[in-house]
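Colleague: One structure, as structure tokens, below. Some questions next.
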Amino acid sequence: MSMEGCVHLSEFKSSKGTQPFRIIYSFFVFCTSRAARLQKAKWCVCSVCGGHSPRVHACLHCIHFACYQGHIQEHATATQHNLVVDVEQGQVLCMGCGDYVYDSEVRRIALACKEKSRRSLGLDTEYRAWAPDAVEMTLLQAHPKRRRPTPNSTIGLRGLINLGNTCFMSCIIQALTHTPLLRDYFLSDRHVCQFNNDSSRCLVCEIARLFQENDVALPALMGTTVFRGSCQWVSCGCPFQIKFYSGNKAPLILHKLLHLIWTHARHLAGYEQQDAHEFFIAALDVLHRHCQGNPPSNGDSTHTCSCIIDQIFTGGLQSDVVCQACNGVSTTIDPFWDISLDLGPCPYSTSKTDKTVPTSLADCLDRFTRPEHLGSSAKIKCNGCQSYQESTKQLTMKKLPIVCSFHLKRFEHSNRLHKKISTFISFPEHLDMTPFMSTRRNNNNNHNGITAHPTDINNRYSLFAVVNHVGSLDAGHYTAFVRQHRDQWYKCDDHMITRATIQDVLQSEGRYWSMTEGFLEHGGYCLASVVVAGLNFMLAGAHRNQGNWHLVILQV
């Protein structure tokens, strides 16, 4: 394709403008409506041989369609109509130059029509690699020095000062700031504040400030500097407001962020120890409300809006209720941010084998997606029988989110007893979610247990972060493991950051896990969370990008 420009295209635009391009792209290339798609199917055939292929082209000068087997060339020779458009891909072919030609204005028209066509079909925005605009190019040229992380770089690792029983917040913030898609969103300055001139009320703006590189001039840091591994922290005194990716290793104090959480999620206000999983859900809820997003055009209930939080963390959970009398099935799909997994004996099963407690994440997921008999005390009105009948209910994963979170319910509460379930739950470095998808479970005829399935590469996750809780139900402390590079792990314990190994991570009690799908560009992974509450697990997953999903686990 020629990038030098075409004199014939320039002359055509000077005489007729760009409206012919808009018409061709809207009705015969990237159809923006159902009526346009019907017209394309009817008209986009070769007027000579009647074929739909190969490579039918539309003449920009007149209403004529012909294939590339010589018929469009014959039309151009006979009429001197040099410019035609490929109705399959949208490229402009100049017969006078004998080549496909490029024009930036025409390209923008094509992309706009293509995006509108995708929205009319209920599809998400098409991924496009980042390219600097004029302003960004000016900034890049003015600042030629680049910061490139080395394999052992600790840029992005910052300890967080405990403000008084705020270790639960520190762990979740560590996991969120190491979520590559979320990190890239903030580093690219994509957020538009909804609070007009009062950004101090916006939690998303406060999170964005954590990714700012420049230091803010504050009183000098007081106290003793101590080193742990390759990272620095300060034992006491007033910390700087220096951001995660500035390269500075001193710990941060997040008093403004904590105050915003207290303001917008009042049930978390105060200095009592809080549940990390509860803080995670509250933080996502506030971030979601403070982001600007549009509702889905196709009515997809599993993806409530286009904000960055829903794009990364929202998945779809399918619930199938089967009538025991007529075998009628009622299906609903609900959005979710996390999945809570029981650790005790199965409460609804009469089988002795189901009375055993799970010992692995796979056991928990298998039990979560098994059919559950609701019993005579929970009859549901069947639309087929038009009467209340006993039924079975089964939950499966309809849609995996970019970050899929699993919560292990380690805290058990009853009228007589409150305790923490300390059973060790093993979890893998890599997890395949294929057996728990709706298509696999339903095709398995609701078989109890995991059967061998061909692996779907889109459903593979890799461990990304883990949150752990040490102590009892009434008193304890949260720590987190995060993966900085492909094989480098660090333990985050408030202001201290120390190196760790994958063996340290896999042998931890894990309450909250995060997993992500596939290695992304710029050294990042998509976040997926697994929390073990009390031991809570949160498993997060991301759509495949050149490979695997990735998993993160956190423990309370």
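Residue numbering restarts at 1 in every chain; chains get A, B, ... in the order shown in the structure tokens, and ligands count up from 1 in that same order.
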When you look at Phe368 of chain A with a cut-off of 10 Å (counting only C-alpha atoms), what residues show up, excluding the ones that are within fewer than 3 positions of it in the same chain? I need them as JSON, numbers by chain.
Modeller: {"A": [339, 340, 341, 342, 346, 362, 363, 364, 365, 371, 372, 394, 395, 396, 436]}
Colleague: Using the selection just defined, write its residues with C-alpha atoms as a short mmCIF file (atom, residue, chain, number, x, y, z; two decimals), in the first residue's frame.
Modeller:
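part_4.cif, written as the output of this step:
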```cif
data_model
loop_
_atom_site.label_atom_id
_atom_site.label_comp_id
_atom_site.auth_asym_id
_atom_site.auth_seq_id
_atom_site.Cartn_x
_atom_site.Cartn_y
_atom_site.Cartn_z
CA ILE A 339 -17.18 -15.62 43.83
CA SER A 340 -17.49 -16.78 47.47
CA LEU A 341 -16.43 -20.39 48.07
CA ASP A 342 -17.37 -22.48 51.13
CA CYS A 346 -21.21 -29.40 51.80
CA ALA A 362 -10.13 -26.96 42.35
CA ASP A 363 -12.21 -28.78 45.01
CA CYS A 364 -13.87 -25.50 45.99
CA LEU A 365 -14.68 -24.58 42.40
CA PRO A 371 -26.01 -29.06 40.98
CA GLU A 372 -27.65 -28.27 44.34
CA GLN A 394 -26.42 -25.09 39.31
CA LEU A 395 -24.02 -22.15 39.05
CA THR A 396 -21.42 -21.97 36.27
CA PHE A 436 -16.16 -24.72 35.34
#
```
Colleague: Which residues, written as a PyMOL selection string, have at least one atom at most 8 Å from segment 7-24 of chain A, with only C-alpha atoms counted and residues fewer than 3 positions away on the same chain left out?
Modeller: chain A and resi 27-29+58+60+82-83+85+94+96+106+109-110+113
Colleague: Measure the distance from atom CA of His373 of chain A to atom CA of Gln389 of chain A in Å and round it to one decimal.
Modeller: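 Between atom CA of His373 of chain A and atom CA of Gln389 of chain A the gap is 11.6 Å.
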Colleague: Compile a residue-level contact table for segment 144-220 of chain A against segment 464-481 of chain A at a cut-off of 12 Å, reporting for every qualifying residue the shortest atom pair and its distance in Å to one decimal, with only C-alpha atoms counted, rows ordered by chain and ascending number, as a Markdown table.
Modeller:
```
| residue | atom | partner | partner_atom | distance |
| --- | --- | --- | --- | --- |
| A:Leu157 | CA | A:Phe481 | CA | 11.4 |
| A:Gly159 | CA | A:Ala480 | CA | 11.2 |
| A:Leu160 | CA | A:Thr479 | CA | 11.3 |
| A:Asn162 | CA | A:Tyr478 | CA | 10.9 |
| A:Gly164 | CA | A:His477 | CA | 11.4 |
| A:Asn165 | CA | A:His477 | CA | 8.2 |
| A:Thr166 | CA | A:Tyr478 | CA | 8.9 |
| A:Cys167 | CA | A:Tyr478 | CA | 5.5 |
| A:Phe168 | CA | A:Tyr478 | CA | 5.7 |
| A:Met169 | CA | A:Tyr478 | CA | 8.9 |
| A:Ser170 | CA | A:Thr479 | CA | 8.3 |
| A:Cys171 | CA | A:Ala480 | CA | 5.4 |
| A:Ile172 | CA | A:Val467 | CA | 7.9 |
| A:Ile173 | CA | A:Ala480 | CA | 10.0 |
| A:Gln174 | CA | A:Ala480 | CA | 7.6 |
| A:Ala175 | CA | A:Ala465 | CA | 6.4 |
| A:Leu176 | CA | A:Ala465 | CA | 9.6 |
| A:Thr177 | CA | A:Ala465 | CA | 11.0 |
| A:His178 | CA | A:Ala465 | CA | 8.5 |
| A:Thr179 | CA | A:Phe464 | CA | 8.6 |
| A:Pro180 | CA | A:Phe464 | CA | 10.3 |
```
Colleague: I need the residues in segment 53-90 of chain A that are strand (DSSP E or B) according to DSSP; give them as a PyMOL selection string.
Modeller: chain A and resi 57-59+65-66+83-86
Colleague: For the residues in the current selection, export all heavy atoms as a PDB file, in the first residue's frame.
Modeller:
```pdb
ATOM      1  N   HIS A  57     -15.214  -4.945  -5.279  1.00  0.00           N
ATOM      2  CA  HIS A  57     -14.896  -3.545  -5.041  1.00  0.00           C
ATOM      3  C   HIS A  57     -16.072  -2.676  -5.473  1.00  0.00           C
ATOM      4  O   HIS A  57     -16.825  -3.030  -6.385  1.00  0.00           O
ATOM      5  CB  HIS A  57     -13.644  -3.114  -5.816  1.00  0.00           C
ATOM      6  CG  HIS A  57     -12.375  -3.661  -5.261  1.00  0.00           C
ATOM      7  ND1 HIS A  57     -12.086  -5.015  -5.241  1.00  0.00           N
ATOM      8  CD2 HIS A  57     -11.299  -3.027  -4.687  1.00  0.00           C
ATOM      9  CE1 HIS A  57     -10.890  -5.190  -4.681  1.00  0.00           C
ATOM     10  NE2 HIS A  57     -10.392  -4.006  -4.341  1.00  0.00           N
ATOM     11  N   ALA A  58     -16.221  -1.527  -4.789  1.00  0.00           N
ATOM     12  CA  ALA A  58     -17.269  -0.561  -5.129  1.00  0.00           C
ATOM     13  C   ALA A  58     -16.626   0.681  -5.726  1.00  0.00           C
ATOM     14  O   ALA A  58     -15.656   1.220  -5.177  1.00  0.00           O
ATOM     15  CB  ALA A  58     -18.071  -0.196  -3.882  1.00  0.00           C
ATOM     16  N   CYS A  59     -17.168   1.151  -6.828  1.00  0.00           N
ATOM     17  CA  CYS A  59     -16.643   2.356  -7.483  1.00  0.00           C
ATOM     18  C   CYS A  59     -17.079   3.583  -6.682  1.00  0.00           C
ATOM     19  O   CYS A  59     -18.242   3.712  -6.280  1.00  0.00           O
ATOM     20  CB  CYS A  59     -17.164   2.446  -8.910  1.00  0.00           C
ATOM     21  SG  CYS A  59     -16.582   3.920  -9.781  1.00  0.00           S
ATOM     22  N   PHE A  65     -20.476  -2.314  -8.766  1.00  0.00           N
ATOM     23  CA  PHE A  65     -19.732  -3.306  -7.991  1.00  0.00           C
ATOM     24  C   PHE A  65     -19.163  -4.339  -8.960  1.00  0.00           C
ATOM     25  O   PHE A  65     -19.866  -4.802  -9.868  1.00  0.00           O
ATOM     26  CB  PHE A  65     -20.639  -4.002  -6.971  1.00  0.00           C
ATOM     27  CG  PHE A  65     -21.222  -3.067  -5.952  1.00  0.00           C
ATOM     28  CD1 PHE A  65     -22.440  -2.444  -6.164  1.00  0.00           C
ATOM     29  CD2 PHE A  65     -20.532  -2.795  -4.778  1.00  0.00           C
ATOM     30  CE1 PHE A  65     -22.976  -1.581  -5.225  1.00  0.00           C
ATOM     31  CE2 PHE A  65     -21.061  -1.937  -3.828  1.00  0.00           C
ATOM     32  CZ  PHE A  65     -22.280  -1.326  -4.056  1.00  0.00           C
ATOM     33  N   ALA A  66     -17.898  -4.693  -8.764  1.00  0.00           N
ATOM     34  CA  ALA A  66     -17.260  -5.689  -9.631  1.00  0.00           C
ATOM     35  C   ALA A  66     -16.125  -6.356  -8.873  1.00  0.00           C
ATOM     36  O   ALA A  66     -15.556  -5.782  -7.932  1.00  0.00           O
ATOM     37  CB  ALA A  66     -16.750  -5.049 -10.918  1.00  0.00           C
ATOM     38  N   LEU A  83     -10.861   5.406  -8.725  1.00  0.00           N
ATOM     39  CA  LEU A  83     -10.894   5.080  -7.306  1.00  0.00           C
ATOM     40  C   LEU A  83     -12.009   4.096  -6.980  1.00  0.00           C
ATOM     41  O   LEU A  83     -13.186   4.335  -7.291  1.00  0.00           O
ATOM     42  CB  LEU A  83     -11.071   6.349  -6.472  1.00  0.00           C
ATOM     43  CG  LEU A  83      -9.941   7.376  -6.581  1.00  0.00           C
ATOM     44  CD1 LEU A  83     -10.286   8.634  -5.808  1.00  0.00           C
ATOM     45  CD2 LEU A  83      -8.626   6.780  -6.067  1.00  0.00           C
ATOM     46  N   VAL A  84     -11.640   2.974  -6.343  1.00  0.00           N
ATOM     47  CA  VAL A  84     -12.604   1.964  -5.909  1.00  0.00           C
ATOM     48  C   VAL A  84     -12.247   1.545  -4.474  1.00  0.00           C
ATOM     49  O   VAL A  84     -11.116   1.742  -4.016  1.00  0.00           O
ATOM     50  CB  VAL A  84     -12.600   0.725  -6.833  1.00  0.00           C
ATOM     51  CG1 VAL A  84     -13.050   1.096  -8.240  1.00  0.00           C
ATOM     52  CG2 VAL A  84     -11.217   0.085  -6.868  1.00  0.00           C
ATOM     53  N   VAL A  85     -13.224   0.972  -3.775  1.00  0.00           N
ATOM     54  CA  VAL A  85     -13.042   0.572  -2.378  1.00  0.00           C
ATOM     55  C   VAL A  85     -13.330  -0.916  -2.232  1.00  0.00           C
ATOM     56  O   VAL A  85     -14.367  -1.405  -2.713  1.00  0.00           O
ATOM     57  CB  VAL A  85     -13.959   1.375  -1.434  1.00  0.00           C
ATOM     58  CG1 VAL A  85     -13.810   0.893   0.006  1.00  0.00           C
ATOM     59  CG2 VAL A  85     -13.642   2.857  -1.516  1.00  0.00           C
ATOM     60  N   ASP A  86     -12.444  -1.634  -1.572  1.00  0.00           N
ATOM     61  CA  ASP A  86     -12.649  -3.047  -1.240  1.00  0.00           C
ATOM     62  C   ASP A  86     -13.753  -3.138  -0.185  1.00  0.00           C
ATOM     63  O   ASP A  86     -13.616  -2.616   0.920  1.00  0.00           O
ATOM     64  CB  ASP A  86     -11.342  -3.636  -0.696  1.00  0.00           C
ATOM     65  CG  ASP A  86     -11.449  -5.119  -0.363  1.00  0.00           C
ATOM     66  OD1 ASP A  86     -12.568  -5.668  -0.396  1.00  0.00           O
ATOM     67  OD2 ASP A  86     -10.411  -5.718  -0.045  1.00  0.00           O
TER      68      ASP A  86
END
```
